[in-house]
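Listing of run31.pdb, PDB, C-alpha atoms
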MODEL        1
ATOM      1  CA  MET A   1     173.084  14.272  43.971  1.00  0.00           C
ATOM      2  CA  ILE A   2     174.797  16.086  41.095  1.00  0.00           C
ATOM      3  CA  GLN A   3     178.065  17.642  42.243  1.00  0.00           C
ATOM      4  CA  GLY A   4     178.938  19.555  39.085  1.00  0.00           C
ATOM      5  CA  LEU A   5     179.950  19.260  35.460  1.00  0.00           C
ATOM      6  CA  ALA A   6     182.779  16.793  34.789  1.00  0.00           C
ATOM      7  CA  ILE A   7     182.972  16.335  30.993  1.00  0.00           C
ATOM      8  CA  THR A   8     181.460  18.127  28.030  1.00  0.00           C
ATOM      9  CA  THR A   9     181.810  17.353  24.325  1.00  0.00           C
ATOM     10  CA  VAL A  10     183.554  19.432  21.673  1.00  0.00           C
ATOM     11  CA  TRP A  11     182.899  18.083  18.185  1.00  0.00           C
ATOM     12  CA  THR A  12     185.973  17.907  15.975  1.00  0.00           C
ATOM     13  CA  PHE A  13     186.893  16.918  12.445  1.00  0.00           C
ATOM     14  CA  ASP A  14     190.482  16.152  13.556  1.00  0.00           C
ATOM     15  CA  GLN A  15     191.282  15.295  17.182  1.00  0.00           C
ATOM     16  CA  GLN A  16     195.018  15.936  16.860  1.00  0.00           C
ATOM     17  CA  ARG A  17     194.527  19.358  15.300  1.00  0.00           C
ATOM     18  CA  THR A  18     191.908  20.324  17.901  1.00  0.00           C
ATOM     19  CA  LYS A  19     194.114  19.075  20.741  1.00  0.00           C
ATOM     20  CA  ALA A  20     196.866  21.355  19.409  1.00  0.00           C
ATOM     21  CA  PHE A  21     194.415  24.271  19.196  1.00  0.00           C
ATOM     22  CA  PHE A  22     193.403  23.956  22.835  1.00  0.00           C
ATOM     23  CA  THR A  23     196.899  23.298  24.191  1.00  0.00           C
ATOM     24  CA  GLU A  24     199.038  25.564  22.014  1.00  0.00           C
ATOM     25  CA  LYS A  25     196.667  28.486  21.421  1.00  0.00           C
ATOM     26  CA  LEU A  26     194.551  28.530  24.596  1.00  0.00           C
ATOM     27  CA  GLY A  27     197.058  27.021  27.050  1.00  0.00           C
ATOM     28  CA  PHE A  28     194.930  24.049  28.128  1.00  0.00           C
ATOM     29  CA  GLU A  29     196.517  20.809  29.292  1.00  0.00           C
ATOM     30  CA  VAL A  30     195.926  17.303  27.966  1.00  0.00           C
ATOM     31  CA  ARG A  31     194.110  15.160  30.526  1.00  0.00           C
ATOM     32  CA  ASP A  32     193.640  11.945  28.521  1.00  0.00           C
ATOM     33  CA  ASP A  33     194.777  10.610  25.153  1.00  0.00           C
ATOM     34  CA  ILE A  34     193.873   6.939  25.013  1.00  0.00           C
ATOM     35  CA  ALA A  35     193.396   4.627  22.029  1.00  0.00           C
ATOM     36  CA  MET A  36     190.284   2.476  22.517  1.00  0.00           C
ATOM     37  CA  GLY A  37     189.978   0.248  19.462  1.00  0.00           C
ATOM     38  CA  ASP A  38     188.613   2.392  16.620  1.00  0.00           C
ATOM     39  CA  MET A  39     188.031   5.245  19.022  1.00  0.00           C
ATOM     40  CA  ARG A  40     190.458   7.688  20.583  1.00  0.00           C
ATOM     41  CA  TRP A  41     189.520   9.299  23.912  1.00  0.00           C
ATOM     42  CA  VAL A  42     191.101  12.777  24.061  1.00  0.00           C
ATOM     43  CA  THR A  43     190.311  15.264  26.803  1.00  0.00           C
ATOM     44  CA  VAL A  44     191.755  18.678  27.642  1.00  0.00           C
ATOM     45  CA  GLY A  45     191.104  21.173  30.398  1.00  0.00           C
ATOM     46  CA  ALA A  46     192.016  24.532  31.851  1.00  0.00           C
ATOM     47  CA  LYS A  47     195.096  24.289  34.072  1.00  0.00           C
ATOM     48  CA  GLY A  48     193.383  25.707  37.141  1.00  0.00           C
ATOM     49  CA  GLN A  49     190.294  23.512  36.895  1.00  0.00           C
ATOM     50  CA  PRO A  50     191.317  19.840  37.125  1.00  0.00           C
ATOM     51  CA  ASP A  51     187.798  18.511  37.688  1.00  0.00           C
ATOM     52  CA  VAL A  52     186.390  19.647  34.291  1.00  0.00           C
ATOM     53  CA  ARG A  53     187.335  18.110  30.954  1.00  0.00           C
ATOM     54  CA  LEU A  54     186.442  18.822  27.337  1.00  0.00           C
ATOM     55  CA  THR A  55     186.314  15.606  25.349  1.00  0.00           C
ATOM     56  CA  LEU A  56     187.376  16.114  21.742  1.00  0.00           C
ATOM     57  CA  MET A  57     184.943  13.808  19.968  1.00  0.00           C
ATOM     58  CA  ARG A  58     185.230  12.894  16.299  1.00  0.00           C
ATOM     59  CA  LEU A  59     182.205  13.683  14.183  1.00  0.00           C
ATOM     60  CA  ASP A  60     182.258  10.171  12.729  1.00  0.00           C
ATOM     61  CA  GLY A  61     182.754   8.482  16.085  1.00  0.00           C
ATOM     62  CA  PRO A  62     180.812   5.754  17.827  1.00  0.00           C
ATOM     63  CA  GLY A  63     177.215   6.337  18.803  1.00  0.00           C
ATOM     64  CA  LEU A  64     176.365   8.355  15.706  1.00  0.00           C
ATOM     65  CA  ASP A  65     174.430   6.794  12.855  1.00  0.00           C
ATOM     66  CA  PRO A  66     175.542   7.987   9.396  1.00  0.00           C
ATOM     67  CA  GLU A  67     172.581  10.359   8.973  1.00  0.00           C
ATOM     68  CA  SER A  68     173.182  12.021  12.355  1.00  0.00           C
ATOM     69  CA  ALA A  69     176.935  12.259  11.737  1.00  0.00           C
ATOM     70  CA  GLU A  70     176.319  13.955   8.398  1.00  0.00           C
ATOM     71  CA  ALA A  71     173.871  16.457   9.927  1.00  0.00           C
ATOM     72  CA  LEU A  72     176.264  17.210  12.782  1.00  0.00           C
ATOM     73  CA  CYS A  73     179.172  17.692  10.356  1.00  0.00           C
ATOM     74  CA  LYS A  74     177.135  20.257   8.424  1.00  0.00           C
ATOM     75  CA  LEU A  75     176.213  22.189  11.568  1.00  0.00           C
ATOM     76  CA  VAL A  76     179.781  22.270  12.889  1.00  0.00           C
ATOM     77  CA  ALA A  77     181.205  23.235   9.477  1.00  0.00           C
ATOM     78  CA  LYS A  78     178.604  25.999   9.214  1.00  0.00           C
ATOM     79  CA  GLY A  79     179.837  27.455  12.519  1.00  0.00           C
ATOM     80  CA  VAL A  80     176.503  27.466  14.347  1.00  0.00           C
ATOM     81  CA  MET A  81     177.461  25.237  17.274  1.00  0.00           C
ATOM     82  CA  GLY A  82     178.120  27.095  20.523  1.00  0.00           C
ATOM     83  CA  ALA A  83     180.316  24.941  22.726  1.00  0.00           C
ATOM     84  CA  GLY A  84     180.325  26.959  25.932  1.00  0.00           C
ATOM     85  CA  ALA A  85     181.690  29.903  27.856  1.00  0.00           C
ATOM     86  CA  PHE A  86     185.134  30.215  29.399  1.00  0.00           C
ATOM     87  CA  ARG A  87     185.663  32.584  32.287  1.00  0.00           C
ATOM     88  CA  THR A  88     188.742  34.755  32.495  1.00  0.00           C
ATOM     89  CA  ASP A  89     190.078  37.458  34.772  1.00  0.00           C
ATOM     90  CA  ASP A  90     191.397  39.494  31.804  1.00  0.00           C
ATOM     91  CA  CYS A  91     189.229  39.295  28.692  1.00  0.00           C
ATOM     92  CA  ARG A  92     191.061  42.045  26.822  1.00  0.00           C
ATOM     93  CA  GLY A  93     194.495  40.614  27.651  1.00  0.00           C
ATOM     94  CA  ASP A  94     193.466  37.098  26.648  1.00  0.00           C
ATOM     95  CA  TYR A  95     191.946  38.489  23.465  1.00  0.00           C
ATOM     96  CA  GLU A  96     195.311  40.038  22.549  1.00  0.00           C
ATOM     97  CA  THR A  97     197.269  36.888  23.478  1.00  0.00           C
ATOM     98  CA  PHE A  98     194.965  34.470  21.683  1.00  0.00           C
ATOM     99  CA  SER A  99     194.643  36.702  18.604  1.00  0.00           C
ATOM    100  CA  ALA A 100     198.446  36.778  18.339  1.00  0.00           C
ATOM    101  CA  ARG A 101     198.402  32.963  18.426  1.00  0.00           C
ATOM    102  CA  GLY A 102     195.961  32.847  15.494  1.00  0.00           C
ATOM    103  CA  VAL A 103     192.648  32.344  17.295  1.00  0.00           C
ATOM    104  CA  GLU A 104     189.753  33.640  15.179  1.00  0.00           C
ATOM    105  CA  PHE A 105     187.568  36.079  17.098  1.00  0.00           C
ATOM    106  CA  VAL A 106     184.128  36.890  15.740  1.00  0.00           C
ATOM    107  CA  GLN A 107     183.565  39.538  18.414  1.00  0.00           C
ATOM    108  CA  GLU A 108     186.155  41.747  20.064  1.00  0.00           C
ATOM    109  CA  PRO A 109     185.821  42.322  23.836  1.00  0.00           C
ATOM    110  CA  LYS A 110     182.644  44.276  24.564  1.00  0.00           C
ATOM    111  CA  GLU A 111     181.031  45.586  27.727  1.00  0.00           C
ATOM    112  CA  ARG A 112     177.954  43.575  28.659  1.00  0.00           C
ATOM    113  CA  PRO A 113     175.617  43.788  31.661  1.00  0.00           C
ATOM    114  CA  TYR A 114     177.459  40.813  33.189  1.00  0.00           C
ATOM    115  CA  GLY A 115     181.023  41.856  32.341  1.00  0.00           C
ATOM    116  CA  ILE A 116     183.334  41.919  29.334  1.00  0.00           C
ATOM    117  CA  GLU A 117     182.832  39.310  26.621  1.00  0.00           C
ATOM    118  CA  ALA A 118     184.630  38.283  23.439  1.00  0.00           C
ATOM    119  CA  ILE A 119     183.578  35.432  21.151  1.00  0.00           C
ATOM    120  CA  PHE A 120     185.969  33.140  19.290  1.00  0.00           C
ATOM    121  CA  ARG A 121     185.897  29.999  17.176  1.00  0.00           C
ATOM    122  CA  ASP A 122     187.982  26.871  17.515  1.00  0.00           C
ATOM    123  CA  ASP A 123     189.660  25.119  14.587  1.00  0.00           C
ATOM    124  CA  ASN A 124     186.380  23.378  13.669  1.00  0.00           C
ATOM    125  CA  GLY A 125     184.076  26.398  13.759  1.00  0.00           C
ATOM    126  CA  ASN A 126     182.559  25.832  17.228  1.00  0.00           C
ATOM    127  CA  TRP A 127     182.165  29.170  18.994  1.00  0.00           C
ATOM    128  CA  TYR A 128     182.871  30.093  22.611  1.00  0.00           C
ATOM    129  CA  SER A 129     182.273  33.052  24.864  1.00  0.00           C
ATOM    130  CA  LEU A 130     185.320  34.361  26.723  1.00  0.00           C
ATOM    131  CA  THR A 131     183.855  36.227  29.692  1.00  0.00           C
ATOM    132  CA  GLN A 132     185.272  38.381  32.446  1.00  0.00           C
ATOM    133  CA  ARG A 133     182.473  38.741  34.990  1.00  0.00           C
ATOM    134  CA  SER A 134     181.735  42.110  36.595  1.00  0.00           C
ATOM    135  CA  GLU A 135     182.322  42.423  40.312  1.00  0.00           C
ATOM    136  CA  GLU A 136     178.796  43.704  40.710  1.00  0.00           C
ATOM    137  CA  LEU A 137     176.275  43.156  37.967  1.00  0.00           C
ATOM    138  CA  ASP A 138     174.499  46.366  36.946  1.00  0.00           C
ATOM    139  CA  PHE A 139     171.390  45.504  35.000  1.00  0.00           C
ATOM    140  CA  SER A 140     170.401  49.177  34.651  1.00  0.00           C
ATOM    141  CA  LYS A 141     173.003  49.740  31.914  1.00  0.00           C
ATOM    142  CA  GLU A 142     171.991  49.670  28.284  1.00  0.00           C
ATOM    143  CA  PHE A 143     174.217  47.689  25.926  1.00  0.00           C
TER     144      PHE A 143
ENDMDL
END
For the file at hand, write its structure as structure tokens.
Amino acid sequence: MIQGLAITTVWTFDQQRTKAFFTEKLGFEVRDDIAMGDMRWVTVGAKGQPDVRLTLMRLDGPGLDPESAEALCKLVAKGVMGAGAFRTDDCRGDYETFSARGVEFVQEPKERPYGIEAIFRDDNGNWYSLTQRSEELDFSKEF
């Protein structure tokens, strides 16, 4: 039986730069950084969630044929890849903190039916939702 999400992939042009983005700008911790032949296994995660990792996977890494790698590179560079949603207990505060650290936001915090949401990009162009959930969801509101 599935017990939950353990690892998800974040596509990166430069693992070291992306590791620095997640650790220095977002405050994540490094979970793994292991050389495996031609491959490097790098994972990071939120400090309060030790059972979930983001693997920072090179766009030219193993398992991708050249045609697929090229297509994926174009999509990531174009900024159309959504990599997930991070939950927070203070969307507006995190927005201010992360903005001051140089994180590019494409949407400032906004009220949504499910809470407050901001959207940012990582150093590769992947976008993420930063969401503070409402205590009680009110689907009667118009947004």
The PyMOL selection byres ((chain A and resi 53) around 7) applied to the shown file, residues as number ranges by chain: A: 6-8, 43-45, 51-52, 54-55
Result set, the PyMOL selection byres ((chain A and resi 74) around 12) on current file, as number ranges by chain: A: 11-13, 59, 67-73, 75-81, 124-126
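Here atom CA of A:Ala100 stands at a distance of 14.3 Å from atom CA of A:Arg121.
Considering the residues A:Gly82, A:Leu5, A:Arg92, A:Arg101 and counting all atoms listed in the file, A:Gly27 has its shortest atom-to-atom contact with A:Arg101.
Omitting stretch 14-21 of chain A and its sequence neighbours fewer than 2 positions away, and counting only C-alpha atoms, the residues within 7 Å are Thr12, Thr23, Glu24, Lys25, Leu26, Leu56, Arg58 and Asp123 of chain A.
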Explicit residues for the PyMOL selection byres ((chain A and resi 102-110) around 8) (as a PyMOL selection string): chain A and resi 25+91-92+95+98-101+111-112+116-122
Using only C-alpha atoms, please write the residues we just selected to a file, as an mmCIF file, keeping the file's coordinate frame.
data_model
loop_
_atom_site.group_PDB
_atom_site.id
_atom_site.type_symbol
_atom_site.label_atom_id
_atom_site.label_comp_id
_atom_site.auth_asym_id
_atom_site.auth_seq_id
_atom_site.Cartn_x
_atom_site.Cartn_y
_atom_site.Cartn_z
ATOM 1 C CA LYS A 25 196.667 28.486 21.421
ATOM 2 C CA CYS A 91 189.229 39.295 28.692
ATOM 3 C CA ARG A 92 191.061 42.045 26.822
ATOM 4 C CA TYR A 95 191.946 38.489 23.465
ATOM 5 C CA PHE A 98 194.965 34.470 21.683
ATOM 6 C CA SER A 99 194.643 36.702 18.604
ATOM 7 C CA ALA A 100 198.446 36.778 18.339
ATOM 8 C CA ARG A 101 198.402 32.963 18.426
ATOM 9 C CA GLU A 111 181.031 45.586 27.727
ATOM 10 C CA ARG A 112 177.954 43.575 28.659
ATOM 11 C CA ILE A 116 183.334 41.919 29.334
ATOM 12 C CA GLU A 117 182.832 39.310 26.621
ATOM 13 C CA ALA A 118 184.630 38.283 23.439
ATOM 14 C CA ILE A 119 183.578 35.432 21.151
ATOM 15 C CA PHE A 120 185.969 33.140 19.290
ATOM 16 C CA ARG A 121 185.897 29.999 17.176
ATOM 17 C CA ASP A 122 187.982 26.871 17.515
#
As JSON: centre and edge lengths in Å, one decimal, of the axis-aligned box holding stretch 14-22 of chain A with 3 Å per side:
{"center_x": 193.7, "center_y": 19.8, "center_z": 18.2, "size_x": 12.4, "size_y": 15.0, "size_z": 15.3}
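Minimum atom-to-atom distance to A:Asp90, evaluated using all atoms listed in the file, belongs to A:Leu130 out of A:Leu130, A:Met36, A:Leu64, A:Ala46.
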Ref. answer, residues at most 6 Å from (179.3, 29.0, 23.6) with only C-alpha atoms, as number ranges by chain: A: 82-85, 127-129
